[in-house]
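Content type mmCIF, C-alpha atoms, from the file work12.cif:
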```
data_run
loop_
_atom_site.label_atom_id
_atom_site.label_comp_id
_atom_site.auth_asym_id
_atom_site.auth_seq_id
_atom_site.Cartn_x
_atom_site.Cartn_y
_atom_site.Cartn_z
CA MET A 5 0.00 0.00 0.00
CA SER A 6 1.34 3.43 -0.91
CA HIS A 7 1.54 5.88 1.99
CA GLN A 8 2.00 8.93 -0.19
CA PRO A 9 0.79 11.63 -0.31
CA PHE A 10 -0.96 10.85 2.99
CA GLU A 11 2.20 10.71 5.05
CA SER A 12 3.30 14.10 3.70
CA TRP A 13 -0.10 15.56 4.55
CA LEU A 14 0.24 14.26 8.11
CA PHE A 15 3.54 16.03 8.76
CA GLU A 16 3.39 19.20 6.68
CA GLU A 17 0.81 21.00 8.82
CA GLN A 18 -0.86 22.51 5.79
CA ALA A 19 -4.61 22.99 5.38
CA LEU A 20 -6.12 20.24 3.19
CA GLU A 21 -8.85 20.50 0.61
CA GLU A 22 -12.09 18.80 1.58
CA SER A 23 -11.47 15.96 -0.89
CA GLU A 24 -7.90 15.54 0.40
CA GLY A 25 -9.15 15.43 3.99
CA GLU A 26 -11.66 12.73 3.07
CA ALA A 27 -8.98 10.72 1.24
CA LEU A 28 -6.68 11.02 4.27
CA ARG A 29 -9.41 9.85 6.66
CA GLN A 30 -10.15 6.88 4.40
CA HIS A 31 -6.43 6.00 4.22
CA LEU A 32 -6.01 6.23 8.00
CA PHE A 33 -9.01 3.92 8.41
CA GLU A 34 -7.37 1.32 6.16
CA CYS A 35 -3.66 1.75 7.00
CA GLU A 36 -2.60 0.86 10.52
CA ALA A 37 0.97 2.18 10.07
CA CYS A 38 -0.20 5.65 9.06
CA ARG A 39 -2.89 5.61 11.73
CA SER A 40 -0.27 4.90 14.40
CA LEU A 41 1.93 7.69 13.08
CA SER A 42 -1.01 10.08 13.00
CA GLU A 43 -2.04 9.27 16.57
CA ALA A 44 1.53 9.54 17.81
CA TRP A 45 1.99 12.88 16.07
CA ASP A 46 -1.32 14.23 17.39
CA ASP A 47 -0.24 13.32 20.91
CA LEU A 48 3.31 14.59 20.54
CA GLY A 49 2.34 17.72 18.61
CA GLY A 50 0.05 18.70 21.48
CA LEU A 51 2.84 18.11 23.95
CA LEU A 52 5.25 20.20 21.88
CA ARG A 53 2.83 23.10 21.67
CA ALA A 54 1.99 22.90 25.38
CA SER A 55 5.60 22.80 26.52
CA GLY A 56 6.66 26.06 28.16
CA LEU A 57 9.91 28.00 28.13
CA ALA A 58 12.51 26.89 30.67
CA ALA A 59 14.14 29.71 32.66
CA PRO A 60 17.77 29.84 33.81
CA THR A 61 18.63 29.95 37.50
CA VAL A 62 18.46 33.32 39.26
CA GLY A 63 21.40 35.65 38.61
CA PHE A 64 21.93 34.79 34.95
CA SER A 65 22.51 38.39 33.86
CA GLY A 66 24.94 39.00 36.75
CA ARG A 67 26.94 35.94 35.73
CA TRP A 68 26.88 37.16 32.16
CA ARG A 69 28.26 40.57 33.17
CA ALA A 70 31.08 38.83 35.05
CA ARG A 71 31.79 36.68 32.02
CA LEU A 72 31.76 39.74 29.75
CA ALA A 73 34.31 41.44 32.02
CA GLN A 74 36.52 38.34 31.94
CA ASP A 75 36.20 38.12 28.19
CA ARG A 76 37.14 41.79 27.75
CA GLU A 77 40.15 41.37 29.98
CA ARG A 78 41.29 38.26 28.11
CA ARG A 79 40.89 39.95 24.73
CA ARG A 80 42.63 43.09 25.95
CA ARG A 81 45.60 41.07 27.17
CA ARG A 82 45.74 39.08 23.96
CA GLN A 83 45.64 42.25 21.88
CA ALA A 84 48.29 43.96 24.02
CA TRP A 85 50.59 40.95 23.70
CA TRP A 86 49.95 40.80 19.99
CA VAL A 87 50.78 44.49 19.39
CA LEU A 88 53.77 44.49 21.70
CA GLY A 89 55.02 41.22 20.18
CA LEU A 90 54.69 42.63 16.68
CA THR A 91 56.55 45.80 17.67
CA ALA A 92 59.29 43.84 19.42
CA GLY A 93 59.53 41.41 16.49
CA SER A 94 59.86 44.25 14.00
CA GLY A 95 62.51 45.91 16.16
CA LEU A 96 64.39 42.65 16.49
CA ALA A 97 64.29 42.04 12.74
CA ALA A 98 65.55 45.55 12.03
CA SER A 99 68.32 45.17 14.65
CA LEU A 100 69.36 41.85 13.15
CA ALA A 101 69.52 43.32 9.66
CA LEU A 102 71.58 46.24 10.97
CA ALA A 103 73.87 43.92 12.92
CA LEU A 104 74.49 41.76 9.85
CA GLN A 105 75.31 44.80 7.76
CA THR A 106 77.61 46.19 10.47
CA ALA A 107 79.36 42.83 10.84
CA ALA A 108 79.98 42.71 7.10
CA LEU A 109 81.47 46.21 7.20
CA LEU A 110 83.62 45.47 10.23
CA ARG A 111 85.38 42.68 8.32
CA SER A 112 86.94 45.38 6.14
CA PRO A 113 87.79 48.68 7.95
CA ALA A 114 88.69 50.39 4.66
CA LEU A 115 85.27 49.56 3.25
CA LEU A 116 83.73 50.80 6.50
CA ALA A 117 85.51 54.14 6.10
CA VAL A 118 84.40 54.45 2.49
CA ARG A 119 80.79 53.64 3.41
CA PHE A 120 80.92 56.14 6.27
CA VAL A 121 82.10 58.93 4.01
CA GLU A 122 79.52 57.96 1.40
CA GLY A 123 76.82 57.98 4.06
CA VAL A 124 77.80 61.38 5.45
CA SER A 125 77.96 62.85 1.92
CA ALA A 126 74.57 61.44 1.00
CA PHE A 127 73.05 62.75 4.24
CA ALA A 128 74.54 66.21 3.66
CA ALA A 129 73.22 66.22 0.11
CA ASP A 130 69.76 65.21 1.31
CA VAL A 131 69.75 67.95 3.94
CA PHE A 132 70.83 70.48 1.34
CA LEU A 133 68.08 69.37 -1.07
CA LEU A 134 65.49 69.47 1.68
CA ARG A 135 66.55 72.96 2.69
CA GLU A 136 66.29 74.10 -0.93
CA ALA A 137 62.83 72.57 -1.25
CA ILE A 138 61.63 74.17 1.98
CA ALA A 139 63.05 77.53 0.94
CA SER A 140 61.27 77.41 -2.40
CA VAL A 141 57.98 76.52 -0.70
CA ALA A 142 58.50 79.28 1.88
CA GLU A 143 59.00 81.86 -0.86
CA SER A 144 55.54 81.13 -2.20
CA LEU A 145 53.86 81.45 1.22
CA PRO A 146 52.58 84.68 2.83
CA SER A 147 55.10 86.43 5.05
CA PHE A 148 53.28 85.82 8.34
CA LEU A 149 53.52 82.05 7.71
CA THR A 150 57.20 82.23 6.77
CA SER A 151 58.10 83.95 10.02
CA SER A 152 56.37 81.27 12.10
CA TRP A 153 57.67 78.35 9.97
CA PRO A 154 59.97 76.82 12.63
CA LEU A 155 57.17 76.97 15.17
CA VAL A 156 54.70 75.34 12.76
CA SER A 157 57.23 72.59 11.95
CA LEU A 158 57.80 71.91 15.60
CA GLY A 159 54.04 71.79 16.21
CA VAL A 160 53.52 69.31 13.38
CA LEU A 161 56.33 67.11 14.68
CA VAL A 162 54.91 67.16 18.21
CA LEU A 163 51.43 66.40 16.85
CA LEU A 164 52.65 63.46 14.74
CA GLY A 165 54.63 62.11 17.69
CA GLY A 166 51.56 62.38 19.89
CA VAL A 167 49.37 60.60 17.32
CA TRP A 168 51.92 57.81 17.00
CA ALA A 169 52.18 57.32 20.76
CA PHE A 170 48.39 57.41 21.16
CA SER A 171 47.96 54.86 18.34
CA ILE A 172 50.33 52.42 20.00
CA TYR A 173 48.57 52.92 23.34
CA ARG A 174 45.12 52.62 21.75
CA TYR A 175 45.86 49.40 19.85
CA ALA A 176 47.82 47.83 22.65
CA PHE A 177 45.58 48.58 25.61
CA GLN A 178 42.19 49.94 24.62
CA GLY A 179 41.47 48.19 21.34
CA VAL A 180 38.66 45.97 22.61
CA ARG A 181 36.74 48.64 24.49
CA ARG A 182 33.66 49.95 22.78
CA MET B 1 19.01 45.35 29.53
CA LEU B 2 18.87 42.98 26.56
CA VAL B 3 20.24 40.03 28.54
CA GLU B 4 17.45 40.39 31.10
CA ALA B 5 14.83 40.58 28.38
CA TYR B 6 16.04 37.63 26.29
CA GLN B 7 17.61 35.30 28.86
CA ILE B 8 14.62 32.94 29.05
CA PRO B 9 14.11 32.40 25.29
CA VAL B 10 17.85 31.95 24.70
CA PHE B 11 18.35 29.65 27.68
CA ASN B 12 15.28 27.60 26.73
CA LEU B 13 16.59 27.14 23.18
CA CYS B 14 19.97 26.02 24.49
CA LEU B 15 18.36 23.64 26.98
CA ARG B 16 16.13 22.07 24.33
CA MET B 17 19.11 21.74 22.02
CA LEU B 18 21.71 20.45 24.49
CA GLY B 19 19.47 18.76 27.06
CA GLU B 20 21.59 19.61 30.12
CA PRO B 21 21.06 22.77 32.22
CA GLY B 22 24.76 23.43 32.91
CA GLU B 23 25.70 23.20 29.26
CA ALA B 24 22.63 25.24 28.35
CA GLU B 25 23.65 28.06 30.72
CA ASP B 26 27.16 28.08 29.27
CA ALA B 27 25.81 28.09 25.71
CA ALA B 28 23.33 30.87 26.48
CA GLN B 29 26.07 33.02 28.03
CA GLU B 30 28.34 32.41 25.05
CA SER B 31 25.50 33.25 22.66
CA PHE B 32 24.97 36.61 24.39
CA LEU B 33 28.71 37.28 24.22
CA ARG B 34 28.75 36.53 20.50
CA ALA B 35 25.73 38.74 19.97
CA TYR B 36 27.42 41.54 21.93
CA ARG B 37 30.58 41.26 19.83
CA GLY B 38 28.55 41.09 16.63
CA LEU B 39 26.11 43.94 17.37
CA ALA B 40 27.70 46.00 14.58
CA ARG B 41 26.64 43.30 12.09
CA TYR B 42 23.02 43.22 13.28
CA ASP B 43 20.55 44.14 10.57
CA SER B 44 17.94 46.35 12.27
CA GLU B 45 15.28 45.32 9.74
CA ARG B 46 15.38 41.81 11.17
CA PRO B 47 13.70 41.04 14.53
CA PHE B 48 16.31 41.16 17.26
CA GLY B 49 14.97 38.07 19.03
CA THR B 50 15.19 35.97 15.87
CA TRP B 51 18.74 37.16 15.28
CA LEU B 52 19.68 36.22 18.83
CA LEU B 53 18.03 32.80 18.51
CA SER B 54 19.90 32.27 15.26
CA ILE B 55 23.22 32.89 17.03
CA ALA B 56 22.26 30.52 19.85
CA SER B 57 21.08 27.85 17.37
CA HIS B 58 24.32 27.95 15.42
CA TYR B 59 26.37 27.77 18.61
CA CYS B 60 24.37 24.80 19.93
CA ILE B 61 24.58 23.01 16.58
CA ASP B 62 28.38 23.41 16.68
CA GLN B 63 28.47 22.09 20.25
CA LEU B 64 26.38 19.06 19.32
CA ARG B 65 28.63 18.30 16.36
CA LYS B 66 31.69 18.51 18.61
CA ARG B 67 29.97 16.31 21.16
CA ARG B 68 29.19 13.73 18.48
CA LEU B 69 32.88 13.48 17.72
CA GLN B 70 33.58 12.77 21.39
CA PHE B 71 30.80 10.43 22.44
CA ILE B 72 28.89 7.49 21.13
CA SER B 73 25.89 8.54 19.07
CA VAL B 74 22.91 9.39 21.27
CA GLU B 75 20.57 7.79 18.76
CA GLU B 76 22.17 4.41 19.38
CA GLU B 77 21.67 4.75 23.12
CA MET B 78 18.10 5.99 23.08
CA PRO B 79 16.03 2.80 22.69
CA ALA B 80 18.08 0.98 25.34
CA GLN B 81 17.66 3.81 27.83
CA MET B 82 13.94 3.94 27.33
CA ALA B 83 13.38 0.18 27.40
CA ALA B 84 15.50 -0.18 30.53
CA ASP B 85 13.41 2.24 32.58
CA PRO B 86 13.01 0.16 35.78
CA HIS B 87 10.11 2.00 37.42
CA PRO B 88 7.54 2.93 34.85
CA GLY B 89 4.28 4.29 36.25
CA PRO B 90 0.91 3.54 34.66
CA GLU B 91 0.47 5.15 31.28
CA GLU B 92 -2.48 7.21 32.46
CA ALA B 93 -0.45 8.65 35.34
CA LEU B 94 2.39 9.83 33.15
CA SER B 95 2.89 13.35 34.43
CA LEU B 96 3.71 16.35 32.36
CA ALA B 97 7.19 16.42 33.89
CA GLN B 98 7.81 12.87 32.75
CA ARG B 99 6.48 13.70 29.31
CA GLU B 100 8.81 16.71 29.21
CA GLU B 101 11.69 14.42 30.04
CA ALA B 102 10.58 12.00 27.38
CA LEU B 103 10.39 14.92 24.97
CA SER B 104 13.95 15.87 25.83
CA HIS B 105 15.10 12.32 25.05
CA LEU B 106 13.18 12.36 21.79
CA LEU B 107 14.74 15.65 20.74
CA ALA B 108 18.16 14.17 21.46
CA ALA B 109 17.49 11.59 18.76
CA LEU B 110 17.31 14.27 16.06
CA ALA B 111 20.20 15.61 14.01
CA PRO B 112 21.35 19.03 15.33
CA GLN B 113 19.79 21.14 12.57
CA ASP B 114 16.55 19.15 12.63
CA ARG B 115 16.38 19.63 16.39
CA ALA B 116 16.93 23.37 16.01
CA ALA B 117 14.19 23.55 13.38
CA ILE B 118 11.72 21.75 15.67
CA VAL B 119 12.57 23.94 18.67
CA LEU B 120 12.27 27.16 16.67
CA ARG B 121 8.96 26.01 15.22
CA TYR B 122 7.21 24.74 18.35
CA TRP B 123 8.68 26.84 21.15
CA TYR B 124 9.02 30.14 19.28
CA ASP B 125 6.39 29.73 16.60
CA LEU B 126 8.74 30.90 13.85
CA SER B 127 7.58 30.65 10.24
CA TYR B 128 9.37 28.43 7.71
CA ALA B 129 11.06 31.52 6.25
CA GLU B 130 12.26 32.66 9.69
CA ILE B 131 13.55 29.17 10.52
CA ALA B 132 15.34 29.03 7.18
CA ALA B 133 16.95 32.44 7.84
CA ALA B 134 17.91 31.53 11.40
CA LEU B 135 19.58 28.27 10.36
CA SER B 136 21.07 29.58 7.09
CA LEU B 137 18.96 27.18 5.01
CA SER B 138 16.69 27.57 2.03
CA VAL B 139 12.94 27.51 2.79
CA PRO B 140 12.43 24.11 1.05
CA ALA B 141 15.37 22.69 3.02
CA ALA B 142 13.86 23.97 6.28
CA LYS B 143 10.49 22.41 5.37
CA SER B 144 12.17 19.15 4.48
CA ARG B 145 14.08 19.06 7.77
CA LEU B 146 10.90 19.76 9.74
CA HIS B 147 9.02 17.05 7.87
CA ARG B 148 11.75 14.51 8.50
CA ALA B 149 12.04 15.52 12.15
CA ARG B 150 8.29 15.30 12.76
CA ARG B 151 8.15 11.85 11.19
CA LEU B 152 11.06 10.57 13.25
CA LEU B 153 9.60 12.04 16.45
CA ALA B 154 6.21 10.47 15.76
CA GLU B 155 7.83 7.09 15.08
CA ARG B 156 9.88 7.22 18.27
CA TRP B 157 6.93 8.46 20.30
CA GLY B 158 4.75 5.64 18.93
CA GLU B 159 7.44 3.05 19.72
CA ARG B 160 7.82 4.46 23.21
CA GLN B 161 4.10 4.36 23.89
CA GLY B 162 4.00 0.81 22.54
CA ASP B 163 6.91 -0.28 24.77
CA ARG B 164 5.24 1.23 27.83
CA THR B 165 1.94 -0.44 27.05
CA MET B 166 3.66 -3.82 26.83
CA MET B 167 5.79 -3.26 29.95
CA TRP B 168 2.84 -2.10 32.09
CA ARG B 169 0.51 -4.91 31.08
CA PRO B 170 -1.16 -6.32 34.24
CA THR B 171 0.48 -9.57 35.44
CA ASN B 172 -2.72 -11.62 35.16
CA GLU B 173 -2.70 -11.12 31.42
CA PRO B 174 -0.44 -13.28 29.27
CA SER B 175 2.75 -11.45 28.42
CA THR B 176 3.84 -11.02 24.86
CA ILE B 177 7.49 -10.57 25.85
#
```
Please render this file's structure as structure tokens.
Amino acid sequence: MSHQPFESWLFEEQALEESEGEALRQHLFECEACRSLSEAWDDLGGLLRASGLAAPTVGFSGRWRARLAQDRERRRRRQAWWVLGLTAGSGLAASLALALQTAALLRSPALLAVRFVEGVSAFAADVFLLREAIASVAESLPSFLTSSWPLVSLGVLVLLGGVWAFSIYRYAFQGVRR
Amino acid sequence: MLVEAYQIPVFNLCLRMLGEPGEAEDAAQESFLRAYRGLARYDSERPFGTWLLSIASHYCIDQLRKRRLQFISVEEEMPAQMAADPHPGPEEALSLAQREEALSHLLAALAPQDRAAIVLRYWYDLSYAEIAAALSLSVPAAKSRLHRARRLLAERWGERQGDRTMMWRPTNEPSTI
């Protein structure tokens, strides 16, 4: 005996046409397996619908707040270690590269002297070029700005330094706070 | 506070999914934490409760999958546990609490996503579309899971009732066992 579509009708919870309802009743009368399923589902469906919501024990939200605080602290520590580790790792890598280069130079003092002179010359040339560039920019600026140029430069440097320090502090220690 | 307002629905979902109050409390707390961390991703056009239940459902489904890797399948244990009940009362006197417990055992027989679909449907009255959205399924897939789950539950419930009827048969009647 075929149990379809009757079995589907039993479990789909959809409204049946009158003819479908009659066909289902006839099938349930003849088919013991489907009748058992139907009775079991009627019983169980009622139980499911009547079952209430279970509540947690008293103090759930207090325990959650404590857990949230723990979680924040754990994430803050992890983030601080991550940022500090990255900074230390970068510093270490840069130091290693510098040490390797220095070691290579130390093997030949003459080469070291040549590199030193080259370095000083290049630095002096860069400073000269920078001064020229600044002077040409200053010429195009109004006079009141030109007179306060050193002060403005110092202010910008202090501001950038402050932003850098705050960024490190923010990412290392306050990153997880909302 | 949102935790105060939603603690009962979320805890109930976790309890129906995991079956053990301690685990349910832990899962509910974790679900709220995940929701708190993910508040920026919450779509305000969606009901907040459904979004929260979706997070809890996914977390419980993950926990059940992990548990399945660690323990013997619950489905294999179920019939033995039920048949071995040493002190069954008369069928007529089966209290609501006992039926709730039986319901919890029956739910444990379902696959995690099927269980979540049943809980969302019968405890929270969510529509097929809402269940599909909460479980990241298509609507036909959600319907199919519900159909399969209802059939399995009815089968198990029928078997259970049959077992009890046989076990509680009065001693003056010939036993079929």
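Distance-wise, CA of Leu106 (chain B) and CA of Leu28 (chain A) end up 26.5 Å apart.
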Inset, instruction - Apply the PyMOL selection byres ((chain B and resi 150) around 9) to the structure shown and report the selected residues as a ChimeraX atom specification. - result: /A:15-16,45,49 /B:118,145-149,151-155
Filtering to C-alpha atoms, could you give me those residues as a PDB file, keeping the file's coordinate frame?
```pdb
ATOM      1  CA  PHE A  15       3.540  16.030   8.760  1.00  0.00           C
ATOM      2  CA  GLU A  16       3.390  19.200   6.680  1.00  0.00           C
ATOM      3  CA  TRP A  45       1.990  12.880  16.070  1.00  0.00           C
ATOM      4  CA  GLY A  49       2.340  17.720  18.610  1.00  0.00           C
TER       5      GLY A  49
ATOM      6  CA  ILE B 118      11.720  21.750  15.670  1.00  0.00           C
ATOM      7  CA  ARG B 145      14.080  19.060   7.770  1.00  0.00           C
ATOM      8  CA  LEU B 146      10.900  19.760   9.740  1.00  0.00           C
ATOM      9  CA  HIS B 147       9.020  17.050   7.870  1.00  0.00           C
ATOM     10  CA  ARG B 148      11.750  14.510   8.500  1.00  0.00           C
ATOM     11  CA  ALA B 149      12.040  15.520  12.150  1.00  0.00           C
ATOM     12  CA  ARG B 151       8.150  11.850  11.190  1.00  0.00           C
ATOM     13  CA  LEU B 152      11.060  10.570  13.250  1.00  0.00           C
ATOM     14  CA  LEU B 153       9.600  12.040  16.450  1.00  0.00           C
ATOM     15  CA  ALA B 154       6.210  10.470  15.760  1.00  0.00           C
ATOM     16  CA  GLU B 155       7.830   7.090  15.080  1.00  0.00           C
TER      17      GLU B 155
END
```
For the interface of chain A with chain B (cut-off 8 Å, counting all atoms listed in the file), please tabulate each contacting residue of chain A alongside its nearest pair of atoms and their separation in Å to one decimal, rows sorted by chain and increasing number, as a Markdown table.
```
| residue | atom | partner | partner_atom | distance |
| --- | --- | --- | --- | --- |
| A:Ser12 | CA | B:His147 | CA | 7.7 |
| A:Phe15 | CA | B:His147 | CA | 5.6 |
| A:Glu16 | CA | B:His147 | CA | 6.1 |
| A:Ser40 | CA | B:Gly158 | CA | 6.8 |
| A:Leu41 | CA | B:Ala154 | CA | 5.8 |
| A:Ser42 | CA | B:Ala154 | CA | 7.7 |
| A:Ala44 | CA | B:Gly158 | CA | 5.2 |
| A:Trp45 | CA | B:Ala154 | CA | 4.9 |
| A:Leu48 | CA | B:Ala154 | CA | 6.9 |
| A:Leu51 | CA | B:Arg99 | CA | 7.8 |
| A:Leu52 | CA | B:Tyr122 | CA | 6.1 |
| A:Arg53 | CA | B:Tyr122 | CA | 5.7 |
| A:Ser55 | CA | B:Glu100 | CA | 7.4 |
| A:Gly56 | CA | B:Trp123 | CA | 7.3 |
| A:Leu57 | CA | B:Asn12 | CA | 5.6 |
| A:Ala58 | CA | B:Asn12 | CA | 4.9 |
| A:Ala59 | CA | B:Ile8 | CA | 4.9 |
| A:Pro60 | CA | B:Phe11 | CA | 6.2 |
| A:Phe64 | CA | B:Gln7 | CA | 7.5 |
| A:Ser65 | CA | B:Val3 | CA | 6.0 |
| A:Trp68 | CA | B:Gln29 | CA | 5.9 |
| A:Arg71 | CA | B:Gln29 | CA | 7.9 |
| A:Leu72 | CA | B:Leu33 | CA | 6.8 |
```
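Evaluated on this file, the PyMOL selection byres ((chain B and resi 107-113) around 8) matches Arg16, Met17, Leu18, Gly19, Cys60, Ile61, Leu64, Arg65, Val74, Glu75, Met78, Leu103, Ser104, His105, Leu106, Asp114, Arg115, Ala116, Ala117, Leu135, Arg145, Ala149, Leu152 and Leu153 of chain B.
Going from CA of Ala98 (chain A) to CA of Phe120 (chain A) covers 19.5 Å.
Computed from the coordinates, the CA of Asp47 (chain A) to CA of Cys35 (chain A) distance equals 18.4 Å.
Within 12 Å of the point (36.8, 37.8, 23.0) in file coordinates, and counting only C-alpha atoms, lie the residues Arg71, Leu72, Ala73, Gln74, Asp75, Arg76, Glu77, Arg78, Arg79, Arg80, Arg81, Arg82, Gln83, Gly179, Val180 and Arg181 of chain A; Glu30, Phe32, Leu33, Arg34, Ala35, Tyr36, Arg37 and Gly38 of chain B.
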Which residues fall under the PyMOL selection byres ((chain A and resi 160-173) around 12) in this file, as a PyMOL selection string?
chain A and resi 80+83-84+86-88+90-91+153-159+174-179
Closest of B:Glu23, B:Tyr128, B:Ala142, B:Ala133 to Leu52 (chain B), counting all atoms listed in the file, is B:Ala133
Near Gln30 (chain A), within 12 Å and counting all atoms listed in the file, which residues show up once chain neighbours fewer than 6 positions away are dropped, as a PDB file with C-alpha atoms, in the frame of the given file?
```
ATOM      1  CA  HIS A   7       1.540   5.880   1.990  1.00  0.00           C
ATOM      2  CA  PHE A  10      -0.960  10.850   2.990  1.00  0.00           C
ATOM      3  CA  SER A  23     -11.470  15.960  -0.890  1.00  0.00           C
ATOM      4  CA  GLU A  24      -7.900  15.540   0.400  1.00  0.00           C
ATOM      5  CA  GLU A  36      -2.600   0.860  10.520  1.00  0.00           C
ATOM      6  CA  CYS A  38      -0.200   5.650   9.060  1.00  0.00           C
ATOM      7  CA  ARG A  39      -2.890   5.610  11.730  1.00  0.00           C
TER       8      ARG A  39
END
```
If we count all atoms listed in the file and set the cut-off at 12 Å, which residues sit around Gly25 (chain A), ignoring sequence neighbours fewer than 5 positions away in its own chain? Please answer as a compact mmCIF listing (two decimals) with C-alpha atoms, in the frame of the given file.
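Final file, out.txt:
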```txt
# COMPACT_ATOMS: atom_id res chain seq x y z
CA PRO A 9 0.79 11.63 -0.31
CA PHE A 10 -0.96 10.85 2.99
CA TRP A 13 -0.10 15.56 4.55
CA LEU A 14 0.24 14.26 8.11
CA GLN A 18 -0.86 22.51 5.79
CA ALA A 19 -4.61 22.99 5.38
CA LEU A 20 -6.12 20.24 3.19
CA GLN A 30 -10.15 6.88 4.40
CA HIS A 31 -6.43 6.00 4.22
CA LEU A 32 -6.01 6.23 8.00
```
